[in-house]
$ cat target-v9.cif   # mmCIF, C-alpha atoms
data_data
loop_
_atom_site.label_atom_id
_atom_site.label_comp_id
_atom_site.auth_asym_id
_atom_site.auth_seq_id
_atom_site.Cartn_x
_atom_site.Cartn_y
_atom_site.Cartn_z
CA MET A 1 -3.41 -7.22 -7.23
CA VAL A 2 -1.39 -4.32 -8.58
CA ASN A 3 -2.76 -1.47 -10.65
CA ASN A 4 0.26 -0.94 -12.92
CA LYS A 5 -1.05 2.33 -14.37
CA LEU A 6 -1.58 3.90 -10.95
CA GLN A 7 1.75 2.56 -9.71
CA GLY A 8 3.46 4.09 -12.75
CA HIS A 9 1.94 7.51 -12.03
CA ILE A 10 2.99 7.40 -8.38
CA LEU A 11 6.55 6.41 -9.36
CA GLU A 12 6.60 9.29 -11.89
CA ILE A 13 5.80 11.67 -9.02
CA ILE A 14 8.71 10.24 -7.02
CA ASP A 15 11.02 10.66 -10.04
CA LYS A 16 9.85 14.28 -10.47
CA GLN A 17 10.40 15.02 -6.77
CA MET A 18 13.95 13.70 -7.01
CA ARG A 19 14.67 15.46 -10.34
CA ASP A 20 13.40 18.82 -9.05
CA ASN A 21 14.80 18.17 -5.56
CA ASP A 22 11.46 19.30 -4.16
CA PRO A 23 11.00 18.29 -1.42
CA LYS A 24 14.67 17.66 -0.66
CA CYS A 25 13.86 14.86 1.77
CA THR A 26 12.73 12.55 -1.05
CA LYS A 27 16.11 12.45 -2.76
CA GLU A 28 17.95 12.23 0.58
CA VAL A 29 15.89 9.23 1.70
CA PHE A 30 16.29 7.60 -1.72
CA VAL A 31 20.09 7.90 -1.50
CA LYS A 32 20.07 6.49 2.04
CA LEU A 33 17.89 3.53 1.00
CA ILE A 34 20.27 2.77 -1.87
CA GLY A 35 23.15 3.01 0.62
CA ILE A 36 21.45 0.49 2.92
CA GLY A 37 21.26 -1.94 0.00
CA TYR A 38 17.79 -1.59 -1.50
CA GLU A 39 17.40 -1.73 -5.26
CA GLN A 40 16.39 1.55 -6.91
CA ASN A 41 12.92 0.36 -7.88
CA ASN A 42 12.20 -0.97 -4.37
CA ALA A 43 13.52 2.24 -2.78
CA LYS A 44 11.13 4.27 -4.94
CA LYS A 45 8.25 1.99 -3.99
CA MET A 46 9.05 2.45 -0.30
CA ILE A 47 8.96 6.23 -0.74
CA ALA A 48 5.74 5.85 -2.73
CA VAL A 49 4.07 4.19 0.25
CA ILE A 50 4.75 7.31 2.33
CA LEU A 51 3.59 9.56 -0.53
CA ILE A 52 0.33 7.64 -0.81
CA GLU A 53 -0.20 8.08 2.92
CA GLU A 54 0.32 11.84 2.51
CA LEU A 55 -2.12 11.88 -0.43
CA TYR A 56 -4.66 10.11 1.78
CA TYR A 57 -4.38 12.86 4.42
CA ILE A 58 -4.73 15.52 1.72
CA MET A 59 -7.89 13.95 0.30
CA LYS A 60 -9.45 13.00 3.64
CA ASN A 61 -8.92 16.33 5.37
CA GLU A 62 -9.08 18.54 2.26
CA GLU A 63 -5.77 20.17 3.14
CA LEU A 64 -2.59 21.19 1.36
CA PHE A 65 0.56 19.08 1.04
CA ASN A 66 2.30 19.04 4.42
CA GLU A 67 6.02 18.80 3.67
CA GLU A 68 6.95 18.55 7.34
CA ARG A 69 4.66 15.56 7.94
CA TYR A 70 5.87 13.93 4.72
CA SER A 71 9.50 14.47 5.72
CA ASN A 72 8.90 13.10 9.22
CA ASN A 73 7.17 10.00 7.85
CA LEU A 74 10.09 9.38 5.48
CA ALA A 75 12.53 9.79 8.38
CA ASN A 76 10.50 7.38 10.54
CA MET A 77 10.53 4.84 7.74
CA LEU A 78 14.32 5.04 7.58
CA GLU A 79 14.64 4.53 11.34
CA HIS A 80 12.63 1.32 11.22
CA LYS A 81 14.39 -0.27 8.25
CA ASP A 82 16.89 -2.75 9.62
CA GLU A 83 18.06 -6.12 8.29
CA GLU A 84 15.19 -8.04 9.95
CA ASN A 85 12.52 -6.00 8.19
CA LYS A 86 14.32 -5.71 4.85
CA GLU A 87 13.38 -9.17 3.57
CA GLU A 88 9.73 -8.90 4.63
CA LEU A 89 9.39 -5.40 3.20
CA GLU A 90 10.79 -6.53 -0.14
CA LYS A 91 8.23 -9.36 -0.23
CA ILE A 92 5.45 -6.83 0.28
CA ILE A 93 6.88 -4.49 -2.34
CA ASN A 94 7.33 -7.30 -4.85
CA ASP A 95 3.76 -8.46 -4.14
CA GLU A 96 5.00 -11.92 -3.12
CA ILE A 97 2.54 -12.29 -0.27
CA ILE A 98 -0.25 -14.48 -1.59
CA GLN A 99 -3.73 -13.31 -0.80
CA SER A 100 -6.25 -16.04 -0.30
CA LYS A 101 -9.89 -15.73 -1.26
CA ILE A 102 -12.29 -16.11 1.63
CA THR A 103 -15.27 -18.28 0.79
CA ASN A 104 -18.18 -19.56 2.80
CA GLU A 105 -18.27 -23.29 2.06
CA ASN A 106 -21.45 -23.92 4.07
CA LYS A 107 -23.63 -21.61 1.98
CA ILE A 108 -27.12 -22.91 1.39
CA GLY A 109 -28.69 -22.33 -2.02
CA ARG A 110 -32.20 -20.91 -2.29
CA ASN A 111 -33.52 -24.07 -3.90
CA SER A 112 -31.65 -26.49 -1.62
CA LEU A 113 -33.49 -28.37 1.07
CA CYS A 114 -33.54 -26.50 4.34
CA SER A 115 -30.97 -27.59 6.92
CA CYS A 116 -33.57 -27.57 9.71
CA GLY A 117 -34.92 -30.91 8.43
CA SER A 118 -38.43 -29.75 7.50
CA GLY A 119 -38.10 -31.10 3.96
CA LYS A 120 -39.04 -27.71 2.47
CA LYS A 121 -36.87 -25.63 0.20
CA TYR A 122 -34.67 -23.20 2.08
CA LYS A 123 -36.32 -20.17 0.40
CA ASN A 124 -39.75 -21.27 1.69
CA CYS A 125 -38.58 -22.18 5.18
CA CYS A 126 -35.73 -20.53 7.12
CA GLY A 127 -34.68 -18.37 4.18
CA LYS A 128 -37.73 -16.09 4.42
#
$ encode --input "target-v9.cif" --output "structure tokens"
Amino acid sequence: MVNNKLQGHILEIIDKQMRDNDPKCTKEVFVKLIGIGYEQNNAKKMIAVILIEELYYIMKNEELFNEERYSNNLANMLEHKDEENKEELEKIINDEIIQSKITNENKIGRNSLCSCGSGKKYKNCCGK
């Protein structure tokens, strides 16, 4: 499930970083991703993943933006993007991976007969 409003705000931050060229690594990585063959929107989403990770560190540790860590994470992402991973990454970015709902099919209702065989309702037997 995608929160389009949040995604839009994150992508606006990426656009602002590239427009202001601050930090410089964002625009450099974007250009390299386009050069590898990624579409612009997917390249921005890949950078956004790293930005969200940096935001997590900022919130968790109550610290300032660490440009060096952000830059290193972007560089590491570039190193690991080869043709094998490109297709799978684009599936993740495009939200093509289907998430299945986990359900417990053997759930016993409160007013069902107890599975122990006593003949009592579950809520008055093993469900206490």
$ residues_around --input "target-v9.cif" --residues "Lys44 of chain A" --least-positions-apart "2" --cutoff "9 Å" --atoms "only C-alpha atoms" --output "compact mmCIF listing (two decimals) with C-alpha atoms, in the frame of the given file"
# COMPACT_ATOMS: atom_id res chain seq x y z
CA LEU A 11 6.55 6.41 -9.36
CA ILE A 14 8.71 10.24 -7.02
CA ASP A 15 11.02 10.66 -10.04
CA PHE A 30 16.29 7.60 -1.72
CA GLU A 39 17.40 -1.73 -5.26
CA GLN A 40 16.39 1.55 -6.91
CA ASN A 41 12.92 0.36 -7.88
CA ASN A 42 12.20 -0.97 -4.37
CA MET A 46 9.05 2.45 -0.30
CA ILE A 47 8.96 6.23 -0.74
CA ALA A 48 5.74 5.85 -2.73
CA VAL A 49 4.07 4.19 0.25
$ resolve_selection --input "target-v9.cif" --expression "the PyMOL selection byres ((chain A and resi 74) around 8)" --output "MDAnalysis selection string"
chainID A and resid 25:26 29 47 50 70:73 75:78
$ write_last_selection --input "target-v9.cif" --atoms "C-alpha atoms" --output "short mmCIF file (atom, residue, chain, number, x, y, z; two decimals), in the coordinates of the input"
data_model
loop_
_atom_site.label_atom_id
_atom_site.label_comp_id
_atom_site.auth_asym_id
_atom_site.auth_seq_id
_atom_site.Cartn_x
_atom_site.Cartn_y
_atom_site.Cartn_z
CA CYS A 25 13.86 14.86 1.77
CA THR A 26 12.73 12.55 -1.05
CA VAL A 29 15.89 9.23 1.70
CA ILE A 47 8.96 6.23 -0.74
CA ILE A 50 4.75 7.31 2.33
CA TYR A 70 5.87 13.93 4.72
CA SER A 71 9.50 14.47 5.72
CA ASN A 72 8.90 13.10 9.22
CA ASN A 73 7.17 10.00 7.85
CA ALA A 75 12.53 9.79 8.38
CA ASN A 76 10.50 7.38 10.54
CA MET A 77 10.53 4.84 7.74
CA LEU A 78 14.32 5.04 7.58
#
$ atom_distance --input "target-v9.cif" --atom1 "atom CA of Gly8 of chain A" --atom2 "atom CA of Glu79 of chain A"
26.6 Å
$ residues_around --input "target-v9.cif" --residues "Glu54 of chain A" --least-positions-apart "3" --cutoff "8 Å" --atoms "all atoms listed in the file" --output "compact mmCIF listing (two decimals) with C-alpha atoms, keeping the file's coordinate frame"
# COMPACT_ATOMS: atom_id res chain seq x y z
CA ILE A 50 4.75 7.31 2.33
CA LEU A 51 3.59 9.56 -0.53
CA TYR A 57 -4.38 12.86 4.42
CA ILE A 58 -4.73 15.52 1.72
CA PHE A 65 0.56 19.08 1.04
CA ASN A 66 2.30 19.04 4.42
CA ARG A 69 4.66 15.56 7.94
CA TYR A 70 5.87 13.93 4.72
$ atom_distance --input "target-v9.cif" --atom1 "atom CA of Cys125 of chain A" --atom2 "atom CA of Leu113 of chain A"
9.0 Å
$ resolve_selection --input "target-v9.cif" --expression "the PyMOL selection byres ((chain A and resi 127) around 12)" --output "list of chain:residue names"
A:Lys107, A:Ile108, A:Gly109, A:Arg110, A:Asn111, A:Ser112, A:Leu113, A:Cys114, A:Ser115, A:Cys116, A:Lys120, A:Lys121, A:Tyr122, A:Lys123, A:Asn124, A:Cys125, A:Cys126, A:Lys128
$ atom_distance --input "target-v9.cif" --atom1 "atom CA of Asn4 of chain A" --atom2 "atom CA of Leu64 of chain A"
26.5 Å
$ closest_residue --input "target-v9.cif" --among "A:Ile34, A:Ile13, A:Ser118, A:Asn3" --to "Leu55 of chain A" --atoms "only C-alpha atoms"
A:Ile13
